[in-house]
Structure formats: structure tokens, C-alpha cells
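Colleague: Provided herewith: run_0.txt, compact mmCIF, N, CA and C atoms.
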```txt
# COMPACT_ATOMS: atom_id res chain seq x y z
N MET T 968 31.31 67.34 -54.82
CA MET T 968 30.36 67.20 -55.90
C MET T 968 29.59 65.90 -55.69
N GLY T 969 28.27 65.94 -55.89
CA GLY T 969 27.43 64.78 -55.67
C GLY T 969 27.51 63.76 -56.80
N LYS T 970 26.95 62.59 -56.53
CA LYS T 970 26.94 61.51 -57.51
C LYS T 970 25.89 61.80 -58.58
N GLU T 971 26.26 61.61 -59.82
CA GLU T 971 25.36 61.82 -60.95
C GLU T 971 25.03 60.47 -61.58
N THR T 972 23.74 60.23 -61.83
CA THR T 972 23.29 58.99 -62.45
C THR T 972 22.57 59.33 -63.75
N ARG T 973 23.06 58.81 -64.86
CA ARG T 973 22.43 59.07 -66.15
C ARG T 973 21.20 58.18 -66.29
N LEU T 974 20.04 58.79 -66.51
CA LEU T 974 18.79 58.05 -66.64
C LEU T 974 18.39 57.84 -68.09
N PHE T 975 18.87 58.72 -68.97
CA PHE T 975 18.49 58.65 -70.38
C PHE T 975 19.50 59.47 -71.18
N LYS T 976 19.85 59.00 -72.36
CA LYS T 976 20.71 59.78 -73.25
C LYS T 976 20.39 59.43 -74.68
N SER T 977 20.35 60.44 -75.53
CA SER T 977 20.15 60.26 -76.96
C SER T 977 21.02 61.26 -77.69
N GLU T 978 21.66 60.80 -78.74
CA GLU T 978 22.46 61.70 -79.58
C GLU T 978 22.33 61.20 -81.01
N GLU T 979 21.82 62.03 -81.88
CA GLU T 979 21.66 61.64 -83.28
C GLU T 979 21.76 62.87 -84.18
N ARG T 980 22.19 62.64 -85.39
CA ARG T 980 22.31 63.71 -86.37
C ARG T 980 20.95 63.92 -87.03
N LYS T 981 20.48 65.18 -87.03
CA LYS T 981 19.19 65.54 -87.64
C LYS T 981 19.35 66.87 -88.36
N SER T 982 18.42 67.14 -89.25
CA SER T 982 18.45 68.44 -89.94
C SER T 982 18.05 69.54 -88.96
N ARG T 983 18.45 70.75 -89.25
CA ARG T 983 18.09 71.91 -88.44
C ARG T 983 16.58 72.03 -88.33
N THR T 984 15.85 71.77 -89.43
CA THR T 984 14.39 71.83 -89.42
C THR T 984 13.79 70.79 -88.48
N ASP T 985 14.30 69.56 -88.54
CA ASP T 985 13.81 68.50 -87.66
C ASP T 985 14.10 68.81 -86.19
N ILE T 986 15.27 69.37 -85.92
CA ILE T 986 15.62 69.74 -84.55
C ILE T 986 14.69 70.85 -84.07
N GLY T 987 14.43 71.82 -84.92
CA GLY T 987 13.50 72.90 -84.54
C GLY T 987 12.12 72.36 -84.20
N ALA T 988 11.63 71.41 -85.01
CA ALA T 988 10.32 70.81 -84.76
C ALA T 988 10.32 70.05 -83.43
N PHE T 989 11.40 69.30 -83.16
CA PHE T 989 11.51 68.57 -81.90
C PHE T 989 11.51 69.54 -80.72
N LEU T 990 12.27 70.63 -80.83
CA LEU T 990 12.34 71.60 -79.74
C LEU T 990 11.00 72.29 -79.50
N HIS T 991 10.24 72.54 -80.57
CA HIS T 991 8.89 73.10 -80.41
C HIS T 991 8.00 72.13 -79.65
N GLN T 992 8.05 70.85 -80.00
CA GLN T 992 7.26 69.84 -79.30
C GLN T 992 7.70 69.73 -77.83
N LEU T 993 9.00 69.76 -77.61
CA LEU T 993 9.53 69.70 -76.25
C LEU T 993 9.06 70.91 -75.44
N ALA T 994 9.08 72.09 -76.05
CA ALA T 994 8.63 73.30 -75.36
C ALA T 994 7.17 73.19 -74.94
N ASP T 995 6.34 72.64 -75.80
CA ASP T 995 4.93 72.44 -75.46
C ASP T 995 4.79 71.49 -74.27
N LYS T 996 5.57 70.42 -74.26
CA LYS T 996 5.52 69.45 -73.16
C LYS T 996 6.02 70.08 -71.85
N ILE T 997 7.07 70.88 -71.94
CA ILE T 997 7.58 71.57 -70.75
C ILE T 997 6.51 72.50 -70.19
N SER T 998 5.86 73.25 -71.06
CA SER T 998 4.80 74.16 -70.62
C SER T 998 3.66 73.41 -69.94
N ALA T 999 3.36 72.21 -70.43
CA ALA T 999 2.29 71.39 -69.86
C ALA T 999 2.72 70.73 -68.54
N GLY T 1000 4.03 70.66 -68.28
CA GLY T 1000 4.52 70.12 -67.01
C GLY T 1000 4.89 68.65 -67.02
N GLU T 1001 4.80 67.99 -68.19
CA GLU T 1001 5.19 66.58 -68.26
C GLU T 1001 5.91 66.32 -69.58
N VAL T 1002 7.06 65.68 -69.48
CA VAL T 1002 7.85 65.31 -70.66
C VAL T 1002 8.05 63.81 -70.63
N VAL T 1003 7.71 63.15 -71.74
CA VAL T 1003 7.94 61.71 -71.88
C VAL T 1003 8.97 61.54 -72.99
N LEU T 1004 10.09 60.90 -72.67
CA LEU T 1004 11.13 60.63 -73.64
C LEU T 1004 11.16 59.14 -73.93
N ARG T 1005 11.15 58.77 -75.20
CA ARG T 1005 11.16 57.37 -75.60
C ARG T 1005 12.21 57.15 -76.68
N GLN T 1006 12.90 56.03 -76.57
CA GLN T 1006 13.83 55.60 -77.62
C GLN T 1006 13.89 54.08 -77.53
N GLY T 1007 13.36 53.43 -78.54
CA GLY T 1007 13.27 51.97 -78.50
C GLY T 1007 12.38 51.55 -77.35
N GLN T 1008 12.89 50.64 -76.52
CA GLN T 1008 12.14 50.17 -75.36
C GLN T 1008 12.33 51.06 -74.12
N GLN T 1009 13.24 52.02 -74.22
CA GLN T 1009 13.54 52.88 -73.08
C GLN T 1009 12.56 54.05 -73.03
N GLU T 1010 12.03 54.34 -71.84
CA GLU T 1010 11.10 55.45 -71.66
C GLU T 1010 11.32 56.06 -70.28
N ILE T 1011 11.26 57.38 -70.23
CA ILE T 1011 11.33 58.09 -68.95
C ILE T 1011 10.26 59.17 -68.96
N ILE T 1012 9.55 59.30 -67.85
CA ILE T 1012 8.51 60.32 -67.70
C ILE T 1012 8.99 61.32 -66.64
N LEU T 1013 9.01 62.59 -67.03
CA LEU T 1013 9.44 63.65 -66.13
C LEU T 1013 8.25 64.52 -65.76
N GLN T 1014 7.99 64.67 -64.48
CA GLN T 1014 6.98 65.58 -63.96
C GLN T 1014 7.73 66.85 -63.55
N LEU T 1015 7.47 67.95 -64.24
CA LEU T 1015 8.23 69.17 -64.02
C LEU T 1015 7.51 70.12 -63.06
N PRO T 1016 8.26 70.73 -62.15
CA PRO T 1016 7.66 71.72 -61.25
C PRO T 1016 7.38 73.02 -62.00
N GLY T 1017 6.69 73.93 -61.35
CA GLY T 1017 6.35 75.21 -61.97
C GLY T 1017 7.54 76.11 -62.22
N THR T 1018 8.61 75.94 -61.45
CA THR T 1018 9.82 76.74 -61.60
C THR T 1018 11.01 75.82 -61.79
N LEU T 1019 11.81 76.13 -62.80
CA LEU T 1019 13.01 75.34 -63.13
C LEU T 1019 14.20 76.28 -63.22
N ILE T 1020 15.38 75.70 -63.22
CA ILE T 1020 16.61 76.45 -63.47
C ILE T 1020 16.96 76.23 -64.94
N LEU T 1021 17.13 77.30 -65.69
CA LEU T 1021 17.50 77.23 -67.10
C LEU T 1021 18.97 77.60 -67.23
N GLU T 1022 19.76 76.68 -67.79
CA GLU T 1022 21.18 76.94 -68.03
C GLU T 1022 21.44 76.84 -69.52
N VAL T 1023 22.03 77.88 -70.09
CA VAL T 1023 22.38 77.90 -71.51
C VAL T 1023 23.89 78.11 -71.59
N GLN T 1024 24.54 77.28 -72.41
CA GLN T 1024 25.99 77.33 -72.50
C GLN T 1024 26.41 77.14 -73.96
N VAL T 1025 27.38 77.90 -74.40
CA VAL T 1025 27.96 77.76 -75.74
C VAL T 1025 29.44 77.43 -75.55
N GLU T 1026 29.89 76.38 -76.25
CA GLU T 1026 31.28 75.94 -76.11
C GLU T 1026 31.90 75.66 -77.47
N ASP T 1027 33.20 75.80 -77.53
CA ASP T 1027 34.01 75.34 -78.64
C ASP T 1027 35.00 74.32 -78.08
N GLU T 1028 35.11 73.18 -78.75
CA GLU T 1028 36.04 72.13 -78.30
C GLU T 1028 36.89 71.69 -79.49
N ASP T 1029 38.20 71.69 -79.30
CA ASP T 1029 39.12 71.27 -80.34
C ASP T 1029 39.14 69.75 -80.42
N LYS T 1030 38.65 69.19 -81.52
CA LYS T 1030 38.59 67.74 -81.71
C LYS T 1030 39.78 67.22 -82.51
N LYS T 1031 40.85 67.97 -82.51
CA LYS T 1031 42.11 67.62 -83.19
C LYS T 1031 41.92 67.31 -84.68
N THR T 1032 41.67 66.06 -85.04
CA THR T 1032 41.61 65.68 -86.47
C THR T 1032 40.36 66.22 -87.17
N LYS T 1033 39.26 66.41 -86.42
CA LYS T 1033 38.01 66.90 -87.03
C LYS T 1033 37.89 68.41 -86.99
N GLY T 1034 38.70 69.07 -86.19
CA GLY T 1034 38.63 70.52 -86.07
C GLY T 1034 37.84 70.94 -84.83
N ILE T 1035 37.32 72.16 -84.87
CA ILE T 1035 36.60 72.72 -83.74
C ILE T 1035 35.13 72.28 -83.78
N GLN T 1036 34.68 71.70 -82.69
CA GLN T 1036 33.26 71.33 -82.56
C GLN T 1036 32.59 72.39 -81.70
N HIS T 1037 31.52 72.97 -82.24
CA HIS T 1037 30.76 74.00 -81.54
C HIS T 1037 29.54 73.33 -80.89
N SER T 1038 29.14 73.83 -79.74
CA SER T 1038 27.94 73.28 -79.11
C SER T 1038 27.13 74.37 -78.44
N LEU T 1039 25.82 74.21 -78.51
CA LEU T 1039 24.86 75.04 -77.81
C LEU T 1039 24.08 74.09 -76.92
N GLU T 1040 24.25 74.22 -75.62
CA GLU T 1040 23.63 73.30 -74.68
C GLU T 1040 22.55 74.04 -73.90
N VAL T 1041 21.37 73.46 -73.85
CA VAL T 1041 20.27 73.98 -73.06
C VAL T 1041 19.93 72.93 -72.02
N GLU T 1042 20.02 73.29 -70.76
CA GLU T 1042 19.81 72.33 -69.69
C GLU T 1042 18.77 72.88 -68.72
N LEU T 1043 17.83 72.03 -68.35
CA LEU T 1043 16.83 72.37 -67.34
C LEU T 1043 17.17 71.60 -66.08
N LYS T 1044 17.10 72.27 -64.94
CA LYS T 1044 17.42 71.63 -63.66
C LYS T 1044 16.33 71.98 -62.65
N TRP T 1045 16.13 71.09 -61.69
CA TRP T 1045 15.22 71.37 -60.60
C TRP T 1045 15.57 70.47 -59.44
N PHE T 1046 15.09 70.87 -58.28
CA PHE T 1046 15.29 70.09 -57.06
C PHE T 1046 13.94 69.59 -56.59
N ASP T 1047 13.93 68.42 -55.97
CA ASP T 1047 12.70 67.95 -55.35
C ASP T 1047 12.32 68.89 -54.22
N ASN T 1048 11.08 69.34 -54.20
CA ASN T 1048 10.54 70.18 -53.12
C ASN T 1048 11.33 71.46 -52.87
N GLU T 1049 11.91 72.03 -53.94
CA GLU T 1049 12.66 73.27 -53.76
C GLU T 1049 12.60 74.09 -55.03
N GLN T 1050 12.53 75.41 -54.88
CA GLN T 1050 12.53 76.30 -56.04
C GLN T 1050 13.68 77.27 -55.87
N GLU T 1051 14.36 77.56 -56.99
CA GLU T 1051 15.48 78.50 -56.95
C GLU T 1051 15.24 79.62 -57.93
N GLN T 1052 15.80 80.76 -57.66
CA GLN T 1052 15.68 81.93 -58.53
C GLN T 1052 17.02 82.17 -59.22
N GLY T 1053 16.99 82.68 -60.44
CA GLY T 1053 18.22 83.01 -61.16
C GLY T 1053 18.04 84.30 -61.94
N GLY T 1054 19.04 84.68 -62.70
CA GLY T 1054 18.95 85.86 -63.53
C GLY T 1054 18.03 85.59 -64.72
N ILE T 1055 17.64 86.64 -65.39
CA ILE T 1055 16.74 86.54 -66.53
C ILE T 1055 17.54 86.42 -67.81
N LEU T 1056 17.30 85.37 -68.59
CA LEU T 1056 17.93 85.17 -69.89
C LEU T 1056 16.94 85.58 -70.95
N GLU T 1057 17.39 86.39 -71.89
CA GLU T 1057 16.52 86.81 -72.97
C GLU T 1057 17.11 86.36 -74.30
N LEU T 1058 16.24 86.02 -75.26
CA LEU T 1058 16.66 85.69 -76.62
C LEU T 1058 16.73 86.97 -77.43
N GLY T 1059 17.78 87.10 -78.25
CA GLY T 1059 17.92 88.30 -79.06
C GLY T 1059 17.68 88.01 -80.52
```
Kindly transcribe the structure held in the file into C-alpha cells.

Modeller:
Amino acid sequence: MGKETRLFKSEERKSRTDIGAFLHQLADKISAGEVVLRQGQQEIILQLPGTLILEVQVEDEDKKTKGIQHSLEVELKWFDNEQEQGGILELG
């Protein structure tokens, strides 16, 4: 397994409505091919290729004292100078 370097991370509690609005804005930026993420003085600019790998994962994790934590993770991946094909994911 290769070395992973974290370039940016954000985790905050928001309302479902606020998260939906953020995801709509993010979707527009992805479609345009450039995503700029800012938090305080930290900023990262991502130039996205025309084809990406979309990974969607749902997990349950037992947090012992807090109970079961559910997660829906959406991850976009790409390689420099390379395009990959995957199966088709549909929303129901």
C-alpha cells in the first residue's frame, strides 16, 4: 500500500439542510472542473480531470459508550495522467 498524505481535512456538525446546500455547491464546482476548499487560512485548489472514480460506502461502527455511528462516505479519486473505468452507480 502506498504512502498517503493528508492535504486537507474538515469535520463539523451541520444541519441536514446546510449539508445539502454545501453538497449542491460542491457538485457545481465538480462539474466545472475546479474545487477550492478553504478553512481559516488553509486553502487547497483541486483541478479535476474529465473522468473520476466515484466510491460510495455506507458503514456502521460501534462506538461503545455512544452506540452505533452510521456513515455515508462519498469519495472522488483520480490519477495524474490516467483515466479508469468502473461500474455504474445509480441513485434510487

Colleague: At what distance in Å, to one decimal, does atom C of T:Leu1058 lie from atom C of T:Arg983?

Modeller: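 Separation between atom C of T:Arg983 and atom C of T:Leu1058: 18.5 Å.
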
Colleague: Rounded to one decimal place, report the atom C of T:Leu1013-atom CA of T:Leu1043 distance in Å.

Modeller: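 Distance between the two atoms: 11.7 Å.
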
Colleague: Residues within 6 Å of stretch 1018-1020 of chain T, please, as a list in words. Count only N, CA and C atoms; anything in the same chain fewer than 3 positions from it doesn't count.

Modeller: Glu1042, Leu1043, Lys1044, Trp1045 and Gln1050 of chain T

Colleague: Determine, counting all atoms listed in the file, which protein, DNA and RNA residues have an atom within 7 Å of an atom of T:Val1003; residues of the same chain fewer than 5 positions away are not included. Present the result as a PyMOL selection string.

Modeller: chain T and resi 996+1010-1013

Colleague: From a backbone DSSP assignment, name each residue in chain T labelled helix (DSSP H, G or I), as a PDB file with N, CA and C atoms, keeping the file's coordinate frame.

Modeller:
```
ATOM      1  N   ARG T 983      18.450  70.750 -89.250  1.00  0.00           N
ATOM      2  CA  ARG T 983      18.090  71.910 -88.440  1.00  0.00           C
ATOM      3  C   ARG T 983      16.580  72.030 -88.330  1.00  0.00           C
ATOM      4  N   THR T 984      15.850  71.770 -89.430  1.00  0.00           N
ATOM      5  CA  THR T 984      14.390  71.830 -89.420  1.00  0.00           C
ATOM      6  C   THR T 984      13.790  70.790 -88.480  1.00  0.00           C
ATOM      7  N   ASP T 985      14.300  69.560 -88.540  1.00  0.00           N
ATOM      8  CA  ASP T 985      13.810  68.500 -87.660  1.00  0.00           C
ATOM      9  C   ASP T 985      14.100  68.810 -86.190  1.00  0.00           C
ATOM     10  N   ILE T 986      15.270  69.370 -85.920  1.00  0.00           N
ATOM     11  CA  ILE T 986      15.620  69.740 -84.550  1.00  0.00           C
ATOM     12  C   ILE T 986      14.690  70.850 -84.070  1.00  0.00           C
ATOM     13  N   GLY T 987      14.430  71.820 -84.920  1.00  0.00           N
ATOM     14  CA  GLY T 987      13.500  72.900 -84.540  1.00  0.00           C
ATOM     15  C   GLY T 987      12.120  72.360 -84.200  1.00  0.00           C
ATOM     16  N   ALA T 988      11.630  71.410 -85.010  1.00  0.00           N
ATOM     17  CA  ALA T 988      10.320  70.810 -84.760  1.00  0.00           C
ATOM     18  C   ALA T 988      10.320  70.050 -83.430  1.00  0.00           C
ATOM     19  N   PHE T 989      11.400  69.300 -83.160  1.00  0.00           N
ATOM     20  CA  PHE T 989      11.510  68.570 -81.900  1.00  0.00           C
ATOM     21  C   PHE T 989      11.510  69.540 -80.720  1.00  0.00           C
ATOM     22  N   LEU T 990      12.270  70.630 -80.830  1.00  0.00           N
ATOM     23  CA  LEU T 990      12.340  71.600 -79.740  1.00  0.00           C
ATOM     24  C   LEU T 990      11.000  72.290 -79.500  1.00  0.00           C
ATOM     25  N   HIS T 991      10.240  72.540 -80.570  1.00  0.00           N
ATOM     26  CA  HIS T 991       8.890  73.100 -80.410  1.00  0.00           C
ATOM     27  C   HIS T 991       8.000  72.130 -79.650  1.00  0.00           C
ATOM     28  N   GLN T 992       8.050  70.850 -80.000  1.00  0.00           N
ATOM     29  CA  GLN T 992       7.260  69.840 -79.300  1.00  0.00           C
ATOM     30  C   GLN T 992       7.700  69.730 -77.830  1.00  0.00           C
ATOM     31  N   LEU T 993       9.000  69.760 -77.610  1.00  0.00           N
ATOM     32  CA  LEU T 993       9.530  69.700 -76.250  1.00  0.00           C
ATOM     33  C   LEU T 993       9.060  70.910 -75.440  1.00  0.00           C
ATOM     34  N   ALA T 994       9.080  72.090 -76.050  1.00  0.00           N
ATOM     35  CA  ALA T 994       8.630  73.300 -75.360  1.00  0.00           C
ATOM     36  C   ALA T 994       7.170  73.190 -74.940  1.00  0.00           C
ATOM     37  N   ASP T 995       6.340  72.640 -75.800  1.00  0.00           N
ATOM     38  CA  ASP T 995       4.930  72.440 -75.460  1.00  0.00           C
ATOM     39  C   ASP T 995       4.790  71.490 -74.270  1.00  0.00           C
ATOM     40  N   LYS T 996       5.570  70.420 -74.260  1.00  0.00           N
ATOM     41  CA  LYS T 996       5.520  69.450 -73.160  1.00  0.00           C
ATOM     42  C   LYS T 996       6.020  70.080 -71.850  1.00  0.00           C
ATOM     43  N   ILE T 997       7.070  70.880 -71.940  1.00  0.00           N
ATOM     44  CA  ILE T 997       7.580  71.570 -70.750  1.00  0.00           C
ATOM     45  C   ILE T 997       6.510  72.500 -70.190  1.00  0.00           C
ATOM     46  N   SER T 998       5.860  73.250 -71.060  1.00  0.00           N
ATOM     47  CA  SER T 998       4.800  74.160 -70.620  1.00  0.00           C
ATOM     48  C   SER T 998       3.660  73.410 -69.940  1.00  0.00           C
ATOM     49  N   ALA T 999       3.360  72.210 -70.430  1.00  0.00           N
ATOM     50  CA  ALA T 999       2.290  71.390 -69.860  1.00  0.00           C
ATOM     51  C   ALA T 999       2.720  70.730 -68.540  1.00  0.00           C
TER      52      ALA T 999
END
```

Colleague: Could you please determine the separation between atom CA of T:Lys970 and atom C of T:Gln1006 in Å, to one decimal place?

Modeller: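 For atom CA of T:Lys970 relative to atom C of T:Gln1006, the distance reads 25.0 Å.
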